[in-house]
Every structure is written in structure tokens, then in C-alpha cells.
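Data from input18.tsv: TSV, C-alpha atoms and all ligand atoms
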chain	number	residue	atom	x	y	z
A	1	MET	CA	-5.86	-17.37	21.92
A	2	ALA	CA	-4.43	-14.06	20.79
A	3	ARG	CA	-2.99	-14.03	17.30
A	4	SER	CA	0.46	-13.04	18.52
A	5	ALA	CA	0.66	-16.35	20.42
A	6	GLN	CA	0.20	-18.32	17.18
A	7	PRO	CA	3.48	-18.05	15.26
A	8	ARG	CA	2.89	-18.32	11.54
A	9	THR	CA	5.87	-20.56	10.89
A	10	LYS	CA	6.24	-23.74	8.89
A	11	GLN	CA	6.90	-25.62	12.12
A	12	ASN	CA	3.46	-24.82	13.43
A	13	THR	CA	1.71	-27.74	11.76
A	14	ALA	CA	-1.12	-28.15	14.25
A	15	PRO	CA	-4.55	-27.30	12.85
A	16	ASN	CA	-5.03	-23.64	13.59
A	17	ASN	CA	-8.76	-23.56	14.26
A	18	ALA	CA	-8.24	-21.37	17.29
A	19	ALA	CA	-6.54	-18.77	15.14
A	20	LEU	CA	-9.41	-18.96	12.66
A	21	ALA	CA	-11.85	-18.32	15.47
A	22	VAL	CA	-10.06	-15.12	16.45
A	23	LEU	CA	-9.84	-13.76	12.88
A	24	PRO	CA	-12.99	-11.67	13.27
A	25	ASN	CA	-11.45	-9.91	16.28
A	26	ARG	CA	-8.38	-8.70	14.43
A	27	GLU	CA	-7.93	-5.01	13.95
A	28	ARG	CA	-9.99	-3.91	10.96
A	29	PRO	CA	-10.52	-0.67	9.09
A	30	ALA	CA	-13.27	1.52	10.49
A	31	GLU	CA	-16.72	0.38	9.31
A	32	PRO	CA	-17.43	2.53	6.24
A	33	GLY	CA	-20.16	5.11	6.63
A	34	ARG	CA	-22.07	7.17	4.09
A	35	TYR	CA	-20.09	10.20	2.95
A	36	GLN	CA	-21.38	13.53	4.21
A	37	GLY	CA	-20.57	15.86	1.34
A	38	SER	CA	-21.46	19.49	0.80
A	39	LYS	CA	-24.14	20.43	-1.73
A	40	GLU	CA	-21.35	21.49	-4.13
A	41	GLU	CA	-19.61	18.14	-3.83
A	42	LEU	CA	-22.86	16.26	-4.41
A	43	LEU	CA	-23.54	18.38	-7.47
A	44	GLU	CA	-20.09	17.55	-8.78
A	45	PHE	CA	-20.69	13.80	-8.26
A	46	TYR	CA	-23.99	14.21	-10.10
A	47	ARG	CA	-22.31	16.06	-12.97
A	48	GLN	CA	-19.64	13.39	-13.33
A	49	MET	CA	-22.11	10.49	-13.26
A	50	LEU	CA	-24.36	12.20	-15.79
A	51	LEU	CA	-21.38	12.94	-18.03
A	52	ILE	CA	-20.47	9.23	-18.01
A	53	ARG	CA	-24.09	8.26	-18.76
A	54	ARG	CA	-24.48	10.69	-21.66
A	55	PHE	CA	-21.01	9.90	-23.01
A	56	GLU	CA	-21.75	6.18	-23.03
A	57	GLU	CA	-25.13	6.70	-24.69
A	58	LYS	CA	-23.35	8.63	-27.44
A	59	ALA	CA	-20.65	5.96	-27.73
A	60	GLY	CA	-23.43	3.39	-28.21
A	61	GLN	CA	-24.87	5.50	-31.04
A	62	LEU	CA	-21.49	5.96	-32.72
A	63	TYR	CA	-20.92	2.23	-32.51
A	64	GLY	CA	-24.29	1.68	-34.21
A	65	LEU	CA	-23.19	4.04	-36.99
A	66	GLY	CA	-20.05	2.00	-37.55
A	67	LEU	CA	-17.75	4.73	-36.28
A	68	ILE	CA	-16.27	2.61	-33.49
A	69	GLY	CA	-14.44	-0.55	-34.51
A	70	GLY	CA	-13.59	-3.54	-32.35
A	71	PHE	CA	-15.04	-4.11	-28.92
A	72	CYS	CA	-16.95	-1.53	-26.92
A	73	HIS	CA	-18.09	-2.16	-23.34
A	74	LEU	CA	-20.37	0.47	-21.84
A	75	TYR	CA	-20.39	1.53	-18.17
A	76	ILE	CA	-24.05	2.61	-17.98
A	77	GLY	CA	-25.48	1.74	-14.53
A	78	GLN	CA	-22.10	1.54	-12.81
A	79	GLU	CA	-21.31	5.27	-12.73
A	80	ALA	CA	-21.40	5.63	-8.94
A	81	VAL	CA	-18.49	3.22	-8.52
A	82	ALA	CA	-15.81	5.10	-10.47
A	83	VAL	CA	-17.06	8.51	-9.34
A	84	GLY	CA	-17.38	7.62	-5.64
A	85	LEU	CA	-13.98	5.96	-5.46
A	86	GLN	CA	-11.88	8.19	-7.65
A	87	SER	CA	-13.18	11.41	-6.12
A	88	ALA	CA	-11.33	10.34	-2.96
A	89	LEU	CA	-7.96	9.88	-4.70
A	90	GLN	CA	-5.09	12.30	-5.12
A	91	ILE	CA	-4.62	12.60	-8.84
A	92	GLY	CA	-0.99	12.25	-9.83
A	93	ARG	CA	0.03	10.57	-6.57
A	94	ASP	CA	-2.34	7.58	-6.59
A	95	SER	CA	-2.79	5.16	-9.46
A	96	VAL	CA	-5.75	3.42	-11.08
A	97	ILE	CA	-5.92	0.32	-13.23
A	98	THR	CA	-8.96	-1.46	-14.61
A	99	GLY	CA	-10.24	-3.86	-17.27
A	100	TYR	CA	-11.70	-3.15	-20.68
A	101	ARG	CA	-14.86	-1.36	-19.36
A	102	ASP	CA	-12.80	1.75	-18.84
A	103	HIS	CA	-14.46	4.86	-20.33
A	104	GLY	CA	-16.14	5.81	-17.04
A	105	HIS	CA	-12.90	5.60	-15.07
A	106	MET	CA	-11.22	7.96	-17.52
A	107	LEU	CA	-14.08	10.44	-17.32
A	108	ALA	CA	-14.18	10.23	-13.51
A	109	TYR	CA	-10.57	11.37	-13.59
A	110	GLY	CA	-11.62	14.56	-15.35
A	111	ILE	CA	-9.90	13.55	-18.59
A	112	ASP	CA	-11.19	15.50	-21.61
A	113	PRO	CA	-14.15	13.62	-23.18
A	114	ARG	CA	-12.93	14.67	-26.62
A	115	VAL	CA	-9.71	12.66	-26.41
A	116	ILE	CA	-11.62	9.66	-25.05
A	117	MET	CA	-14.15	9.83	-27.90
A	118	ALA	CA	-11.29	10.28	-30.38
A	119	GLU	CA	-9.68	7.13	-29.00
A	120	LEU	CA	-12.93	5.18	-29.31
A	121	THR	CA	-13.16	6.14	-32.96
A	122	GLY	CA	-9.49	5.34	-33.64
A	123	ARG	CA	-8.31	8.89	-34.30
A	124	GLU	CA	-4.86	10.42	-34.01
A	125	ALA	CA	-6.10	12.85	-31.34
A	126	GLY	CA	-7.14	9.93	-29.11
A	127	ILE	CA	-5.54	9.45	-25.72
A	128	SER	CA	-3.64	6.39	-26.98
A	129	ARG	CA	-3.22	8.10	-30.39
A	130	GLY	CA	-6.01	6.01	-31.82
A	131	LYS	CA	-4.14	2.75	-31.41
A	132	GLY	CA	-5.79	1.40	-28.28
A	133	GLY	CA	-9.49	1.93	-28.84
A	134	SER	CA	-12.17	1.35	-26.24
A	135	MET	CA	-10.28	-1.24	-24.21
A	136	HIS	CA	-6.79	0.22	-24.06
A	137	MET	CA	-6.75	3.77	-22.81
A	138	PHE	CA	-3.93	5.16	-20.71
A	139	SER	CA	-2.98	8.45	-19.09
A	140	VAL	CA	0.24	8.06	-17.16
A	141	GLU	CA	0.03	11.78	-16.36
A	142	HIS	CA	-3.13	11.07	-14.33
A	143	GLY	CA	-1.78	7.79	-12.93
A	144	PHE	CA	-4.25	5.85	-15.07
A	145	TYR	CA	-2.63	2.62	-16.26
A	146	GLY	CA	-5.37	1.20	-18.48
A	147	GLY	CA	-7.58	-0.32	-19.93
A	148	HIS	CA	-6.76	-4.16	-20.14
A	149	GLY	CA	-8.42	-6.86	-22.21
A	150	ILE	CA	-7.15	-9.90	-20.36
A	151	VAL	CA	-9.60	-10.65	-17.56
A	152	GLY	CA	-7.85	-10.44	-14.19
A	153	ALA	CA	-4.46	-9.34	-15.56
A	154	GLN	CA	-4.93	-5.83	-14.23
A	155	VAL	CA	-5.00	-7.18	-10.67
A	156	SER	CA	-1.44	-8.48	-10.86
A	157	LEU	CA	-0.33	-5.33	-12.67
A	158	GLY	CA	-2.05	-3.30	-9.94
A	159	ALA	CA	-0.09	-5.19	-7.28
A	160	GLY	CA	3.03	-4.17	-9.22
A	161	LEU	CA	1.94	-0.53	-9.21
A	162	ALA	CA	1.35	-0.74	-5.45
A	163	PHE	CA	4.79	-2.28	-5.03
A	164	LYS	CA	6.23	0.70	-6.88
A	165	HIS	CA	4.38	3.11	-4.56
A	166	LYS	CA	5.81	1.35	-1.55
A	167	TYR	CA	9.34	0.88	-2.94
A	168	SER	CA	9.71	4.50	-3.97
A	169	GLY	CA	7.94	5.78	-0.85
A	170	ASP	CA	5.82	8.16	-2.95
A	171	GLY	CA	2.81	7.79	-0.61
A	172	GLY	CA	0.51	6.67	-3.44
A	173	VAL	CA	-2.20	4.03	-3.33
A	174	CYS	CA	-3.27	1.86	-6.25
A	175	LEU	CA	-6.94	1.26	-6.98
A	176	ALA	CA	-7.25	-1.98	-8.93
A	177	TYR	CA	-10.73	-2.62	-10.33
A	178	PHE	CA	-11.95	-5.99	-11.56
A	179	GLY	CA	-15.22	-7.75	-12.21
A	180	ASP	CA	-17.15	-10.52	-10.49
A	181	GLY	CA	-16.01	-12.86	-13.28
A	182	ALA	CA	-12.38	-11.85	-12.88
A	183	ALA	CA	-12.71	-12.59	-9.16
A	184	ASN	CA	-12.51	-16.31	-10.05
A	185	GLN	CA	-9.12	-15.95	-11.76
A	186	GLY	CA	-6.10	-17.63	-10.21
A	187	GLN	CA	-3.70	-14.73	-10.56
A	188	VAL	CA	-6.02	-12.58	-8.43
A	189	TYR	CA	-5.22	-14.76	-5.43
A	190	GLU	CA	-1.48	-14.78	-6.06
A	191	SER	CA	-1.71	-11.00	-6.03
A	192	PHE	CA	-3.77	-11.01	-2.81
A	193	ASN	CA	-1.16	-13.14	-1.12
A	194	MET	CA	1.78	-10.94	-2.04
A	195	ALA	CA	-0.10	-7.72	-1.40
A	196	GLU	CA	-0.98	-8.66	2.17
A	197	LEU	CA	2.35	-10.30	2.88
A	198	TRP	CA	4.21	-7.17	1.83
A	199	LYS	CA	1.51	-4.78	3.09
A	200	LEU	CA	1.22	-3.14	-0.30
A	201	PRO	CA	-0.82	0.05	-0.61
A	202	ILE	CA	-3.62	-1.28	-2.80
A	203	ILE	CA	-7.40	-1.30	-2.74
A	204	PHE	CA	-8.83	-4.26	-4.61
A	205	VAL	CA	-12.18	-3.21	-6.03
A	206	ILE	CA	-14.58	-5.84	-7.25
A	207	GLU	CA	-17.22	-4.24	-9.44
A	208	ASN	CA	-19.87	-6.90	-8.97
A	209	ASN	CA	-22.29	-6.02	-11.76
A	210	GLN	CA	-23.88	-9.49	-11.35
A	211	TYR	CA	-22.75	-10.87	-14.72
A	212	ALA	CA	-19.58	-12.02	-16.44
A	213	MET	CA	-20.62	-11.91	-20.10
A	214	GLY	CA	-23.78	-14.08	-19.99
A	215	THR	CA	-23.05	-15.90	-16.73
A	216	SER	CA	-24.58	-14.66	-13.50
A	217	VAL	CA	-22.41	-14.46	-10.41
A	218	ASN	CA	-24.53	-17.05	-8.63
A	219	ARG	CA	-24.05	-19.55	-11.43
A	220	ALA	CA	-20.26	-19.05	-11.53
A	221	SER	CA	-19.14	-18.47	-7.95
A	222	SER	CA	-19.15	-20.95	-5.09
A	223	GLU	CA	-18.70	-18.01	-2.67
A	224	ASP	CA	-20.83	-15.25	-4.10
A	225	GLN	CA	-20.22	-12.89	-1.18
A	226	LEU	CA	-17.17	-11.61	-2.97
A	227	TYR	CA	-16.03	-9.24	-0.24
A	228	ARG	CA	-15.01	-12.39	1.68
A	229	ARG	CA	-12.62	-13.54	-1.00
A	230	GLY	CA	-9.61	-11.97	0.75
A	231	GLU	CA	-10.24	-13.63	4.12
A	232	SER	CA	-7.82	-16.49	3.69
A	233	PHE	CA	-5.13	-13.90	2.96
A	234	ARG	CA	-6.15	-11.81	6.00
A	235	ILE	CA	-7.32	-8.98	3.76
A	236	PRO	CA	-10.25	-7.13	5.33
A	237	GLY	CA	-13.25	-6.84	3.01
A	238	PHE	CA	-16.42	-4.78	2.86
A	239	GLN	CA	-19.56	-5.06	0.76
A	240	VAL	CA	-20.82	-1.70	-0.43
A	241	ASP	CA	-23.92	-0.43	-2.24
A	242	GLY	CA	-22.32	0.43	-5.56
A	243	MET	CA	-25.45	2.26	-6.74
A	244	ASP	CA	-25.10	4.87	-4.00
A	245	VAL	CA	-22.26	7.25	-4.77
A	246	LEU	CA	-22.12	8.49	-1.17
A	247	ALA	CA	-21.83	4.96	0.22
A	248	VAL	CA	-19.06	4.31	-2.31
A	249	ARG	CA	-17.19	7.46	-1.35
A	250	GLY	CA	-17.59	6.55	2.34
A	251	ALA	CA	-16.06	3.13	1.67
A	252	ALA	CA	-13.21	4.76	-0.24
A	253	GLU	CA	-12.46	6.98	2.77
A	254	ALA	CA	-12.36	4.04	5.19
A	255	ALA	CA	-10.22	1.92	2.87
A	256	LEU	CA	-7.80	4.75	2.11
A	257	GLU	CA	-7.29	5.55	5.77
A	258	TRP	CA	-6.25	1.94	6.42
A	259	VAL	CA	-4.08	1.56	3.34
A	260	ARG	CA	-2.34	4.92	3.66
A	261	ALA	CA	-1.44	4.03	7.26
A	262	GLY	CA	0.68	1.17	5.86
A	263	LYS	CA	-1.65	-1.57	7.12
A	264	GLY	CA	-1.88	-3.38	3.80
A	265	PRO	CA	-4.64	-3.94	1.26
A	266	VAL	CA	-8.40	-3.69	1.59
A	267	LEU	CA	-10.95	-5.46	-0.58
A	268	LEU	CA	-14.15	-3.66	-1.53
A	269	GLU	CA	-17.04	-5.41	-3.24
A	270	LEU	CA	-19.28	-2.87	-4.93
A	271	LYS	CA	-22.72	-4.31	-5.65
A	272	THR	CA	-23.75	-2.73	-8.92
A	273	TYR	CA	-25.47	-3.55	-12.20
A	274	ARG	CA	-24.84	-2.97	-15.88
A	275	TYR	CA	-27.90	-1.94	-17.86
A	276	ARG	CA	-26.51	-2.76	-21.30
A	277	GLY	CA	-25.16	-6.03	-22.64
A	278	HIS	CA	-21.63	-7.16	-21.85
A	279	SER	CA	-20.40	-5.42	-25.00
A	280	MET	CA	-22.16	-3.77	-27.91
A	281	SER	CA	-22.46	-7.15	-29.64
A	282	ASP	CA	-24.35	-8.81	-26.76
A	283	PRO	CA	-28.15	-9.00	-27.10
A	284	ALA	CA	-28.35	-9.94	-23.35
A	285	LYS	CA	-30.80	-12.81	-23.74
A	286	TYR	CA	-29.72	-14.37	-20.44
A	287	ARG	CA	-31.83	-11.95	-18.39
A	288	SER	CA	-35.26	-10.42	-18.70
A	289	ARG	CA	-36.07	-6.82	-19.56
A	290	ASP	CA	-38.08	-6.71	-16.33
A	291	GLU	CA	-34.98	-7.49	-14.31
A	292	VAL	CA	-33.08	-4.57	-15.85
A	293	GLN	CA	-36.06	-2.24	-15.56
A	294	SER	CA	-36.61	-3.04	-11.92
A	295	VAL	CA	-32.98	-2.16	-11.05
A	296	ARG	CA	-33.30	1.08	-13.03
A	297	ASP	CA	-36.54	1.96	-11.23
A	298	LYS	CA	-35.37	1.11	-7.73
A	299	SER	CA	-31.69	1.94	-7.59
A	300	ASP	CA	-30.45	4.08	-10.45
A	301	PRO	CA	-27.41	5.94	-9.05
A	302	ILE	CA	-28.19	9.20	-10.86
A	303	ASP	CA	-31.90	9.25	-9.93
A	304	GLN	CA	-31.06	8.54	-6.30
A	305	LEU	CA	-28.63	11.43	-6.06
A	306	LYS	CA	-31.05	13.68	-7.91
A	307	LYS	CA	-33.61	13.15	-5.13
A	308	GLU	CA	-31.01	14.07	-2.51
A	309	LEU	CA	-30.04	17.20	-4.40
A	310	GLU	CA	-33.68	18.24	-4.71
A	311	ALA	CA	-34.07	17.77	-0.96
A	312	LEU	CA	-31.09	20.13	-0.54
A	313	GLY	CA	-32.89	22.80	-2.53
A	314	VAL	CA	-31.44	22.25	-6.02
A	315	THR	CA	-34.23	22.90	-8.51
A	316	GLU	CA	-35.36	20.70	-11.38
A	317	ASP	CA	-34.48	23.58	-13.74
A	318	GLU	CA	-30.88	23.72	-12.51
A	319	LEU	CA	-30.49	19.98	-13.06
A	320	LYS	CA	-32.05	20.24	-16.53
A	321	ALA	CA	-29.62	23.02	-17.44
A	322	LEU	CA	-26.74	20.84	-16.27
A	323	ASP	CA	-27.97	17.96	-18.42
A	324	LYS	CA	-28.24	20.27	-21.41
A	325	ALA	CA	-24.66	21.49	-20.95
A	326	ILE	CA	-23.39	17.91	-20.62
A	327	ARG	CA	-25.25	16.79	-23.76
A	328	LYS	CA	-23.68	19.70	-25.64
A	329	ASP	CA	-20.22	18.79	-24.37
A	330	VAL	CA	-20.69	15.16	-25.40
A	331	ALA	CA	-22.04	16.12	-28.85
A	332	GLU	CA	-18.97	18.34	-29.32
A	333	SER	CA	-16.73	15.43	-28.33
A	334	ALA	CA	-18.34	13.27	-31.00
A	335	ASP	CA	-17.93	16.04	-33.62
A	336	PHE	CA	-14.33	16.55	-32.59
A	337	ALA	CA	-13.67	12.82	-32.92
A	338	GLU	CA	-15.34	12.55	-36.31
A	339	GLN	CA	-13.38	15.50	-37.64
A	340	SER	CA	-10.01	14.28	-36.35
A	341	PRO	CA	-7.81	12.46	-38.84
A	342	GLU	CA	-6.96	8.80	-38.49
A	343	PRO	CA	-3.34	8.04	-37.58
A	344	ALA	CA	-0.91	8.15	-40.51
A	345	LEU	CA	-0.11	4.76	-42.05
A	346	SER	CA	3.49	5.18	-40.89
A	347	GLU	CA	2.16	4.86	-37.32
A	348	LEU	CA	1.83	1.15	-38.00
A	349	TYR	CA	5.57	0.93	-37.44
A	350	THR	CA	5.81	2.92	-34.19
A	351	ASP	CA	5.25	1.66	-30.62
A	352	VAL	CA	6.05	-1.87	-31.78
A	353	LEU	CA	8.26	-3.95	-29.52
A	354	VAL	CA	10.72	-6.02	-31.52
A	355	GLY	CA	12.80	-8.65	-29.80
A	356	THR	CA	14.31	-12.08	-30.23
A	357	TYR	CA	13.55	-14.98	-27.95
B	401	LIG	C1	-8.16	-14.46	-19.46
B	401	LIG	C2	-9.43	-14.17	-20.19
B	401	LIG	N1	-10.39	-15.10	-20.23
B	401	LIG	C3	-11.56	-14.86	-20.88
B	401	LIG	C4	-11.74	-13.67	-21.53
B	401	LIG	C5	-13.07	-13.38	-22.23
B	401	LIG	N2	-13.88	-12.48	-21.41
B	401	LIG	C6	-13.90	-11.17	-21.68
B	401	LIG	S1	-14.84	-10.33	-20.59
B	401	LIG	C7	-15.25	-11.71	-19.75
B	401	LIG	C8	-16.17	-11.65	-18.56
B	401	LIG	C9	-15.62	-10.87	-17.41
B	401	LIG	O1	-16.65	-10.51	-16.51
B	401	LIG	P1	-16.43	-9.61	-15.26
B	401	LIG	O2	-15.10	-9.87	-14.68
B	401	LIG	O3	-17.60	-9.80	-14.37
B	401	LIG	O4	-16.39	-8.11	-15.82
B	401	LIG	P2	-17.54	-7.24	-16.48
B	401	LIG	O5	-17.50	-7.47	-17.95
B	401	LIG	O6	-18.83	-7.62	-15.86
B	401	LIG	O7	-17.18	-5.81	-16.20
B	401	LIG	C10	-14.65	-12.82	-20.33
B	401	LIG	C11	-14.80	-14.21	-19.84
B	401	LIG	C12	-10.70	-12.71	-21.47
B	401	LIG	N3	-10.82	-11.52	-22.05
B	401	LIG	N4	-9.57	-12.97	-20.78
B	402	MG	MG	-19.26	-8.60	-14.11
Produce C-alpha cells that represent the structure in this file.
Amino acid sequence: MARSAQPRTKQNTAPNNAALAVLPNRERPAEPGRYQGSKEELLEFYRQMLLIRRFEEKAGQLYGLGLIGGFCHLYIGQEAVAVGLQSALQIGRDSVITGYRDHGHMLAYGIDPRVIMAELTGREAGISRGKGGSMHMFSVEHGFYGGHGIVGAQVSLGAGLAFKHKYSGDGGVCLAYFGDGAANQGQVYESFNMAELWKLPIIFVIENNQYAMGTSVNRASSEDQLYRRGESFRIPGFQVDGMDVLAVRGAAEAALEWVRAGKGPVLLELKTYRYRGHSMSDPAKYRSRDEVQSVRDKSDPIDQLKKELEALGVTEDELKALDKAIRKDVAESADFAEQSPEPALSELYTDVLVGTY
């Protein structure tokens, strides 16, 4: 039976198995393909992923030296996700929101590494003036709304951002990232429901890096094919190789076409992997070194793109020179951060919300 013949009203109490059976035949976004970029575009993706990798390695070192206080969650291994998705956005019109593992998303937006490093080290020159640290970075100018420490909260906030895009008719789309662990949070599903009901312009992005702190996705999730999690809300979902920046960009294109046409949300599950522990204080004893090494050997996003670039005629020397320039840039960011002053003590009394309840 066609879906239009099955009114979705309260009166229709009969079991709707027929409707379930036709769900797969509903209109869906085009099946994502691998992005066909020019050599220049591929080089730019490579540069951005390598910048994130080198930046995060440096952040790890600074943390070890005691220069970064509080929590610090590195993005190493997941670079292709932020770069592939955000390269498809229109900066300033679209919006992005994510959890606490946010350095890579900032860098993929082209935000100056110096102000990100200054934020990590709690300096006045930091993007949140040294008051947010690793987990709470914002750049409203870029449409980047954080940086959130409460698992899953960014999904509801993202639905709010998408509502704003729709309400004001600004044509923007919100990209709301969350993890495989966050995918089991209740508020995620409340957001799914409203987003589809109101056809909000939002792409829900599950960065499935296989672990939520020390718990593997298979141990925590009854449905571990996370791209299916939107089905009961009629949200189309796709599973994507999150270690292949071109596959990620291809998925972004397909999702954006659907969402920008006013057809409601899309759910993307990016299969990826984090090489480091959950945060800098995690010795990662819940998995073997061999497991990590085998992912690095077989599917590292930077190595994979390097091979493609070499096949396009980019020489090893050119790539080495690029790496050298990035290392220099990152070292300068660390120097800049170390030399920047800490916020004045009087800053303790600004940006504080006072109210009575
Ligand atoms: C509401 C809430 N519950 C628990 C925590 C503690 N916590 C911080 S990160 C995390 C795991 C989240 O894993 P995932 O969503 O897979 O993201 P990933 O760290 O892998 O990027 C947990 C349980 C929290 N910050 N907020
Ligand atoms: Mg995870």
C-alpha cells in the first residue's frame, strides 16, 4: 500500500505493518558516491588532515609538559570526517556543533591554529579568551557553536540551530556531530523526532570511532548499525567509510542536496577510529596495541590520500615540503600560545550569568 493511503493520525490504530514494509521504497537521498575532486582539492584535503594530525600531536606533547590543564581529547585518526564534511559547507551560512573532541573541527574550518592552541593552554589570546579550554571552543563568526562537554547535548542544541535556519529562512544547514556513545542518549531521539516532523535542515553525524571511553560500540549498543537509528523517525541514514575523505565528502554532497531541498534531516554514520585514548588521561587498556596498529596500517586516512596524490603525479618531495611547512606552523602556534599572557584575574567576574530562581 502506498504511504499516502496510510494516514498518520491517532485514529489509525491498526498495526501498520504494511506501511513498515513500504518504508524502504520511500524517496531517499541519492546514494552517496565517492567525491571526484581535482588534484588541488585533494591536496587541500591532505593539507588540512595533516595539519590536524600534527596539531594534535603537539597538543599531546604540551599536555605532557603540563601546559594544558583540564581535559584534552585528541582527534588523531578521525581527521577525514571533519575535513570531508566541512569542506562541503558554506562557511558563515551553515552551522556546526560538536562534542568535546573539537580541535579538528575548528581546524577544518580554517580557524587560525594559534588561537586554538592559545585556548588549549588557557591564554587570553585563545578563541574563547582562555576560559573554555579544549572542550569549549566557539567561533560564532564561522558558525561554529562549540565544543560541549555533556554527551549528546549538542544534538538538541543542533536541532535548535537548524530550527533557527528554517525560521529565519537563511538557507543554512546545521551539521551536528556526536559519538557512538552519545547515540544511546535519550535526547538524541527527541531531537530526531522534532527534526523530521518539522523538516529541519540538519545533518546528524555519528562519528563512530568504535569506543565510548572504554566501552566498545558492540558492548553498548543493541543496534550497532548506527545509521539505522533514525529509521523509526523516517530519517534516511547512510553508513560511510569515515577513513576515506573522498567517501566522506561524497556523503556530505548527497546529504546536503536532500537537506537543502527542504526534505528534512539525514543521518550519516561515519565509521572511523581514534588512535589515542579517550582523553589524555586514558591508558586505553581495553584494547590491544595490535588492534590500533592494524587500523593504522590498513586504513589511515592520510596515508590513503597520499597514495592517491602520488598516483596523480604529486611527488614525495612535495608532500615532505608540505609536512615541513605544517610542522613549522604548528610549532609557531605552540610558541605563540606559550608567550601569550593568561587572562587577567578580573576576567573571573566577566561572562558570568547571575540570576535568581
Ligand atoms: C551526559 C553525560 N554522561 C556521561 C558523560 C561522561 N562521558 C564523557 S565522554 C563519554 C563517552 C562518549 O563517547 P562517544 O559518544 O562515543 O564519543 P567519543 O569520545 O568517542 O568521541 C562519557 C560517557 C558526560 N560527559 N555527559
Ligand atoms: Mg566514540
Nearest-residue call for Ala251 (chain A), choices A:Val354, A:Val81, A:Leu120, A:Ile76, using all atoms listed in the file: A:Val81
Take every atom of ligand LIG 401 (chain B) listed in the file, fit an axis-aligned box around them, add 4 Å per side, and give the centre and edge lengths in Å to one decimal as JSON.
{"center_x": -13.5, "center_y": -10.5, "center_z": -18.3, "size_x": 18.7, "size_y": 17.3, "size_z": 15.9}
Residues within 8 Å of ligand MG 402 (chain B) (all atoms listed in the file), as an NGL selection string? :A and (179-182 or 207-213 or 217)
From the set A:Gly64, A:Gly237, A:Gly277, A:Gly132, which residue has the shortest atom-to-atom contact distance to ligand LIG 401 (chain B), counting all atoms listed in the file? A:Gly277
Would you mind listing what lies within 9 Å of Gln225 (chain A) as a PDB file with C-alpha atoms, in the coordinates of the input, with only C-alpha atoms counted and same-chain residues fewer than 3 positions away left out?
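Contents of the output file selection-v6.pdb:
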ATOM      1  CA  SER A 221     -19.140 -18.470  -7.950  1.00  0.00           C
ATOM      2  CA  ARG A 228     -15.010 -12.390   1.680  1.00  0.00           C
ATOM      3  CA  ARG A 229     -12.620 -13.540  -1.000  1.00  0.00           C
ATOM      4  CA  GLN A 239     -19.560  -5.060   0.760  1.00  0.00           C
ATOM      5  CA  GLU A 269     -17.040  -5.410  -3.240  1.00  0.00           C
TER       6      GLU A 269
END
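Using only C-alpha atoms, the protein and nucleic acid residues lying no more than 6 Å from region 31-35 of chain A, apart from those fewer than 2 places from it along its own chain, are Gly37, Leu246, Ala247, Arg249, Gly250, Ala251 and Ala254 of chain A.
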Would you kindly return, as a list in words, each protein, DNA or RNA residue with an atom no farther than 12 Å from any atom of Ile150 (chain A), considering only C-alpha atoms and excluding same-chain residues fewer than 6 positions away?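 With the cut-off at 12 Å, the set is Thr98, Gly99, Tyr100, Arg101, Met135, His136, Ser156, Leu157, Phe178, Gly179, Gly181, Ala182, Gln185 and Gln187 of chain A.
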Which one of A:Asp241, A:Asp282, A:Glu57, A:Glu190 sits closest to ligand LIG 401 (chain B) if you count all atoms listed in the file?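 Result for the nearest residue to ligand LIG 401 (chain B): A:Asp282.
Of the listed residues (A:Leu267, A:Val352, A:Ala334, A:Ala183), A:Ala183 comes nearest to ligand LIG 401 (chain B); the distances count all atoms listed in the file.
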Using all atoms listed in the file, can you tell me which of A:Arg276, A:Lys263, A:Arg114, A:Lys307 comes closest to ligand LIG 401 (chain B)?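 Among the listed residues, the smallest separation from ligand LIG 401 (chain B) belongs to A:Arg276.
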In Å, how far is it from atom C9 of ligand LIG 401 (chain B) to CA of Ser232 (chain A)?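 Those two atoms sit 23.2 Å apart.
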Please, what distance in Å, to one decimal, runs between CA of Tyr349 (chain A) and CA of Tyr63 (chain A)?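 CA of Tyr63 (chain A) lies 27.0 Å from CA of Tyr349 (chain A).
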Quick one: pull the distance between atom C6 of ligand LIG 401 (chain B) and CA of Lys131 (chain A), Å, one decimal. 19.6 Å
If we count only C-alpha atoms and set the cut-off at 12 Å, which residues sit around Gly313 (chain A), ignoring sequence neighbours fewer than 6 positions away in its own chain? Please answer as an NGL selection string. :A and (39-40 or 43 or 306-307 or 319)
Same residues, C-alpha atoms, output as a PDB file, keeping the file's coordinate frame:
ATOM      1  CA  LYS A  39     -24.140  20.430  -1.730  1.00  0.00           C
ATOM      2  CA  GLU A  40     -21.350  21.490  -4.130  1.00  0.00           C
ATOM      3  CA  LEU A  43     -23.540  18.380  -7.470  1.00  0.00           C
ATOM      4  CA  LYS A 306     -31.050  13.680  -7.910  1.00  0.00           C
ATOM      5  CA  LYS A 307     -33.610  13.150  -5.130  1.00  0.00           C
ATOM      6  CA  LEU A 319     -30.490  19.980 -13.060  1.00  0.00           C
TER       7      LEU A 319
END
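Using only C-alpha atoms, every residue with an atom at most 7 Å from the point (-22.8, 10.8, -10.4) is listed here: Phe45, Tyr46, Arg47, Gln48, Met49, Leu50, Glu79, Ala80, Val83, Val245, Pro301 and Ile302 of chain A.
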Can you list, as a ChimeraX atom specification, every protein, DNA or RNA residue that comes within 12 Å of Ser340 (chain A) when you count all atoms listed in the file, leaving out same-chain residues fewer than 3 positions away? /A:114-115,117-126,129-130,333-337,343-344
